[in-house]
Amino acid sequence: MPLRRHLLAGAAFLAALPAQVHKAGAQVVKVRLGTATPGGGFPVYGAAFVEAVRRVDRGLEIEPINTKGSTENVPMLEAGTLDIALVQGEVVHESLSGIGRPPADLKIITAMYPTAGMFVVRADSPYRRIADLLGKPIAWGAQGSGLVILGRYAMDGLGFDATKDFQPIYLERAGDGPAMVLDGRAAALWGGGTGWPGFTTVAKSEQGARFIAPDAQEIARILARHSFLKPVTQAAGSFPGQAAAIPSVGSWSFVMARPGLDDAVAWRLAKALHELEKAGSPPVQLVDTTAKNTLAAAPLERLHPGVARYFREAGLK
């Protein structure tokens with residue numbers, strides 16, 4: 001189904017979904033949700049997440065908070081200034097594994113969606129392969145975004161240094177990237193995710209878009225060097241004019257919880273998301289946010305105990 005129809009169907013679904021007032025005795029809880037800079041995919045996902053949960057459990061008052069992105073969300077969770085936050089898969093990997101820092105004591109609420117990393121260029125540009133972009137100005141994304149880290153790993157798997165073999169541009173706001181591609185300040189914008197706003201903006205432009213991802217041999221090289229990455233394919237029709245599926249590499253992003261988040265709150269979040277899933281036709285941003293995907297993508301020991309309890313009680317694990 002084209003993205004526009006997905007969005008309209010998702011909006012209609014949320015409008016029709018009956019809002020379930022929390023049961024007597026259920027505590028009204030305010031939850032702070034960290035997203036990222038305006039113009040990127042995380043704020044869009046966060047808005048859909050907040051609205052969906054609100055429709056099912058009005059006792060959970062979720063406040064979305066713009067941050068610098070995944071790399072800021074993790075320390076904010078650790079400090080307790082956020083209750084839950086959206087975190088890119090590569091940042092989850094580094095944080096939980098203790099790469100470049102002590103291991104983070106964070107738990108997973110739900111899997112969000114898989115991200116297939118790739119570049120977008122203007123359709124009238126001469127660039128068709130990653131090698132064509134060497135030495136060119138590349139908008140890698142907002143400095144705190146996990147997409148920047150995905151790009152670094154992907155390029156390293158090909159023997160390139162994202163900071164030295166290209167002219168790197170790091171953005172104050174994720175939404176600034178498309179304009180730089182369209183006016184020629186950047187040859188390409190790196191990003192990923194179904195309906196990702198940066199890609200959508202370029203694809204809808206007068207010039208149109210061409211997507212550049214690793215080819216089959218390059219994917220194999222990247223995965224051989226960084227085994228925590230996975231093959232991820234961007235489905236056809238994810239962006240205007242994108243007729244064919246695009247194989248690439250990437251990982252799952254997650255909604256993570258701060259240390260000590262009440263089990264009852266995590267249980268309610270899991271229940272609300274599962275009720276949304278069972279109702280069918282979720283908003284396009286949440287189509288991959290399912291219990292099945294969470295159980296498949298998240299290490300069981302990393303699930304929040306409240307989420308794990310809900311899954312057991314619902315007969316999901």
# chains A, B, ... in the order shown; residues from 1 in each chain; ligands from 1
call {"tool": "closest_atom_pairs", "arguments": {"of": "stretch 237-291 of chain A", "to": "stretch 299-307 of chain A", "cutoff": "6 Å", "atoms": "only C-alpha atoms", "output": "Markdown table"}}
result
| residue | atom | partner | partner_atom | distance |
| --- | --- | --- | --- | --- |
| A:Asp263 | CA | A:Gly306 | CA | 4.2 |
| A:Ala266 | CA | A:Gly306 | CA | 5.0 |
| A:Trp267 | CA | A:Gly306 | CA | 4.5 |
| A:Ala270 | CA | A:Val307 | CA | 5.6 |
call {"tool": "residues_around", "arguments": {"residues": "stretch 254-257 of chain A", "least_positions_apart": "3", "cutoff": "6 Å", "atoms": "only C-alpha atoms", "output": "count of residues only"}}
result
12
call {"tool": "atom_distance", "arguments": {"atom1": "atom CA of A:Val44", "atom2": "atom CA of A:Glu172"}}
result
17.4 Å
call {"tool": "residues_around", "arguments": {"residues": "stretch 197-200 of chain A", "least_positions_apart": "6", "cutoff": "7 Å", "atoms": "only C-alpha atoms", "output": "list in words"}}
result
Gly39, Gly40, Gly41, Val120, Gly175, Gly177, Pro178, Phe239 and Pro240 of chain A
call {"tool": "select_by_dssp", "arguments": {"residues": "stretch 27-258 of chain A", "states": "helix (DSSP H, G or I)", "output": "ChimeraX atom specification"}}
result
/A:41-56,70-79,89-97,130-133,146-157,174-182,197-204,216-225
call {"tool": "select_by_dssp", "arguments": {"residues": "stretch 95-225 of chain A", "states": "strand (DSSP E)", "output": "VMD selection string"}}
result
chain A and resid 107 to 116 118 to 122 137 to 142 167 to 171 188 to 191 209 to 212
call {"tool": "decode", "arguments": {"residues": "stretch 283-298 of chain A", "atoms": "all heavy atoms", "output": "PDB file, in the first residue's frame"}}
result
ATOM      1  N   PRO A 283      -1.163   2.826  12.856  1.00  0.00           N
ATOM      2  CA  PRO A 283      -0.512   3.871  12.068  1.00  0.00           C
ATOM      3  C   PRO A 283       0.760   3.309  11.425  1.00  0.00           C
ATOM      4  O   PRO A 283       1.396   2.403  11.975  1.00  0.00           O
ATOM      5  CB  PRO A 283      -0.166   4.946  13.109  1.00  0.00           C
ATOM      6  CG  PRO A 283      -1.005   4.644  14.291  1.00  0.00           C
ATOM      7  CD  PRO A 283      -1.283   3.187  14.274  1.00  0.00           C
ATOM      8  N   VAL A 284       1.131   3.849  10.278  1.00  0.00           N
ATOM      9  CA  VAL A 284       2.277   3.307   9.547  1.00  0.00           C
ATOM     10  C   VAL A 284       3.536   3.312  10.389  1.00  0.00           C
ATOM     11  O   VAL A 284       4.376   2.416  10.287  1.00  0.00           O
ATOM     12  CB  VAL A 284       2.486   4.083   8.226  1.00  0.00           C
ATOM     13  CG1 VAL A 284       2.844   5.545   8.478  1.00  0.00           C
ATOM     14  CG2 VAL A 284       3.541   3.413   7.359  1.00  0.00           C
ATOM     15  N   GLN A 285       3.683   4.303  11.258  1.00  0.00           N
ATOM     16  CA  GLN A 285       4.900   4.371  12.072  1.00  0.00           C
ATOM     17  C   GLN A 285       5.010   3.200  13.046  1.00  0.00           C
ATOM     18  O   GLN A 285       6.107   2.831  13.454  1.00  0.00           O
ATOM     19  CB  GLN A 285       4.958   5.692  12.866  1.00  0.00           C
ATOM     20  CG  GLN A 285       5.115   6.926  12.022  1.00  0.00           C
ATOM     21  CD  GLN A 285       3.801   7.454  11.493  1.00  0.00           C
ATOM     22  OE1 GLN A 285       2.734   6.910  11.805  1.00  0.00           O
ATOM     23  NE2 GLN A 285       3.851   8.501  10.694  1.00  0.00           N
ATOM     24  N   LEU A 286       3.876   2.618  13.432  1.00  0.00           N
ATOM     25  CA  LEU A 286       3.872   1.563  14.448  1.00  0.00           C
ATOM     26  C   LEU A 286       3.591   0.176  13.863  1.00  0.00           C
ATOM     27  O   LEU A 286       3.350  -0.770  14.610  1.00  0.00           O
ATOM     28  CB  LEU A 286       2.839   1.872  15.536  1.00  0.00           C
ATOM     29  CG  LEU A 286       3.330   2.721  16.724  1.00  0.00           C
ATOM     30  CD1 LEU A 286       3.741   4.114  16.281  1.00  0.00           C
ATOM     31  CD2 LEU A 286       2.280   2.792  17.811  1.00  0.00           C
ATOM     32  N   VAL A 287       3.649   0.049  12.545  1.00  0.00           N
ATOM     33  CA  VAL A 287       3.267  -1.227  11.941  1.00  0.00           C
ATOM     34  C   VAL A 287       4.209  -2.358  12.348  1.00  0.00           C
ATOM     35  O   VAL A 287       3.803  -3.524  12.421  1.00  0.00           O
ATOM     36  CB  VAL A 287       3.196  -1.089  10.403  1.00  0.00           C
ATOM     37  CG1 VAL A 287       4.568  -0.907   9.794  1.00  0.00           C
ATOM     38  CG2 VAL A 287       2.477  -2.273   9.778  1.00  0.00           C
ATOM     39  N   ASP A 288       5.471  -2.044  12.648  1.00  0.00           N
ATOM     40  CA  ASP A 288       6.425  -3.073  13.074  1.00  0.00           C
ATOM     41  C   ASP A 288       6.555  -3.179  14.582  1.00  0.00           C
ATOM     42  O   ASP A 288       7.309  -4.017  15.086  1.00  0.00           O
ATOM     43  CB  ASP A 288       7.806  -2.784  12.471  1.00  0.00           C
ATOM     44  CG  ASP A 288       7.833  -2.988  10.962  1.00  0.00           C
ATOM     45  OD1 ASP A 288       7.316  -4.020  10.501  1.00  0.00           O
ATOM     46  OD2 ASP A 288       8.357  -2.115  10.251  1.00  0.00           O
ATOM     47  N   THR A 289       5.832  -2.330  15.322  1.00  0.00           N
ATOM     48  CA  THR A 289       5.903  -2.325  16.778  1.00  0.00           C
ATOM     49  C   THR A 289       4.939  -3.374  17.315  1.00  0.00           C
ATOM     50  O   THR A 289       3.812  -3.073  17.716  1.00  0.00           O
ATOM     51  CB  THR A 289       5.571  -0.921  17.322  1.00  0.00           C
ATOM     52  OG1 THR A 289       6.478   0.027  16.754  1.00  0.00           O
ATOM     53  CG2 THR A 289       5.714  -0.864  18.844  1.00  0.00           C
ATOM     54  N   THR A 290       5.383  -4.636  17.289  1.00  0.00           N
ATOM     55  CA  THR A 290       4.524  -5.747  17.688  1.00  0.00           C
ATOM     56  C   THR A 290       5.216  -6.595  18.742  1.00  0.00           C
ATOM     57  O   THR A 290       6.446  -6.561  18.887  1.00  0.00           O
ATOM     58  CB  THR A 290       4.193  -6.649  16.484  1.00  0.00           C
ATOM     59  OG1 THR A 290       5.399  -7.300  16.037  1.00  0.00           O
ATOM     60  CG2 THR A 290       3.602  -5.843  15.338  1.00  0.00           C
ATOM     61  N   ALA A 291       4.412  -7.361  19.456  1.00  0.00           N
ATOM     62  CA  ALA A 291       4.972  -8.268  20.452  1.00  0.00           C
ATOM     63  C   ALA A 291       5.860  -9.316  19.785  1.00  0.00           C
ATOM     64  O   ALA A 291       6.941  -9.652  20.293  1.00  0.00           O
ATOM     65  CB  ALA A 291       3.844  -8.945  21.225  1.00  0.00           C
ATOM     66  N   LYS A 292       5.430  -9.838  18.643  1.00  0.00           N
ATOM     67  CA  LYS A 292       6.221 -10.843  17.926  1.00  0.00           C
ATOM     68  C   LYS A 292       7.584 -10.298  17.547  1.00  0.00           C
ATOM     69  O   LYS A 292       8.613 -10.966  17.751  1.00  0.00           O
ATOM     70  CB  LYS A 292       5.470 -11.299  16.673  1.00  0.00           C
ATOM     71  CG  LYS A 292       6.227 -12.320  15.837  1.00  0.00           C
ATOM     72  CD  LYS A 292       5.414 -12.717  14.610  1.00  0.00           C
ATOM     73  CE  LYS A 292       6.193 -13.707  13.740  1.00  0.00           C
ATOM     74  NZ  LYS A 292       5.414 -14.092  12.526  1.00  0.00           N
ATOM     75  N   ASN A 293       7.631  -9.088  17.011  1.00  0.00           N
ATOM     76  CA  ASN A 293       8.908  -8.500  16.622  1.00  0.00           C
ATOM     77  C   ASN A 293       9.780  -8.203  17.835  1.00  0.00           C
ATOM     78  O   ASN A 293      11.000  -8.343  17.785  1.00  0.00           O
ATOM     79  CB  ASN A 293       8.683  -7.226  15.810  1.00  0.00           C
ATOM     80  CG  ASN A 293       8.225  -7.510  14.397  1.00  0.00           C
ATOM     81  OD1 ASN A 293       8.416  -8.615  13.880  1.00  0.00           O
ATOM     82  ND2 ASN A 293       7.601  -6.532  13.763  1.00  0.00           N
ATOM     83  N   THR A 294       9.154  -7.784  18.921  1.00  0.00           N
ATOM     84  CA  THR A 294       9.923  -7.510  20.144  1.00  0.00           C
ATOM     85  C   THR A 294      10.580  -8.784  20.655  1.00  0.00           C
ATOM     86  O   THR A 294      11.765  -8.793  21.002  1.00  0.00           O
ATOM     87  CB  THR A 294       9.010  -6.910  21.222  1.00  0.00           C
ATOM     88  OG1 THR A 294       8.458  -5.677  20.734  1.00  0.00           O
ATOM     89  CG2 THR A 294       9.785  -6.641  22.511  1.00  0.00           C
ATOM     90  N   LEU A 295       9.823  -9.879  20.697  1.00  0.00           N
ATOM     91  CA  LEU A 295      10.381 -11.143  21.185  1.00  0.00           C
ATOM     92  C   LEU A 295      11.470 -11.677  20.258  1.00  0.00           C
ATOM     93  O   LEU A 295      12.410 -12.328  20.710  1.00  0.00           O
ATOM     94  CB  LEU A 295       9.267 -12.172  21.349  1.00  0.00           C
ATOM     95  CG  LEU A 295       8.320 -11.901  22.522  1.00  0.00           C
ATOM     96  CD1 LEU A 295       7.080 -12.776  22.423  1.00  0.00           C
ATOM     97  CD2 LEU A 295       9.034 -12.132  23.850  1.00  0.00           C
ATOM     98  N   ALA A 296      11.352 -11.380  18.957  1.00  0.00           N
ATOM     99  CA  ALA A 296      12.354 -11.848  18.006  1.00  0.00           C
ATOM    100  C   ALA A 296      13.608 -10.990  18.014  1.00  0.00           C
ATOM    101  O   ALA A 296      14.720 -11.500  17.837  1.00  0.00           O
ATOM    102  CB  ALA A 296      11.759 -11.863  16.596  1.00  0.00           C
ATOM    103  N   ALA A 297      13.460  -9.684  18.244  1.00  0.00           N
ATOM    104  CA  ALA A 297      14.590  -8.758  18.099  1.00  0.00           C
ATOM    105  C   ALA A 297      15.300  -8.463  19.409  1.00  0.00           C
ATOM    106  O   ALA A 297      16.486  -8.110  19.404  1.00  0.00           O
ATOM    107  CB  ALA A 297      14.108  -7.447  17.477  1.00  0.00           C
ATOM    108  N   ALA A 298      14.613  -8.583  20.523  1.00  0.00           N
ATOM    109  CA  ALA A 298      15.189  -8.181  21.811  1.00  0.00           C
ATOM    110  C   ALA A 298      15.692  -9.394  22.583  1.00  0.00           C
ATOM    111  O   ALA A 298      14.974 -10.388  22.708  1.00  0.00           O
ATOM    112  CB  ALA A 298      14.141  -7.445  22.641  1.00  0.00           C
TER     113      ALA A 298
END
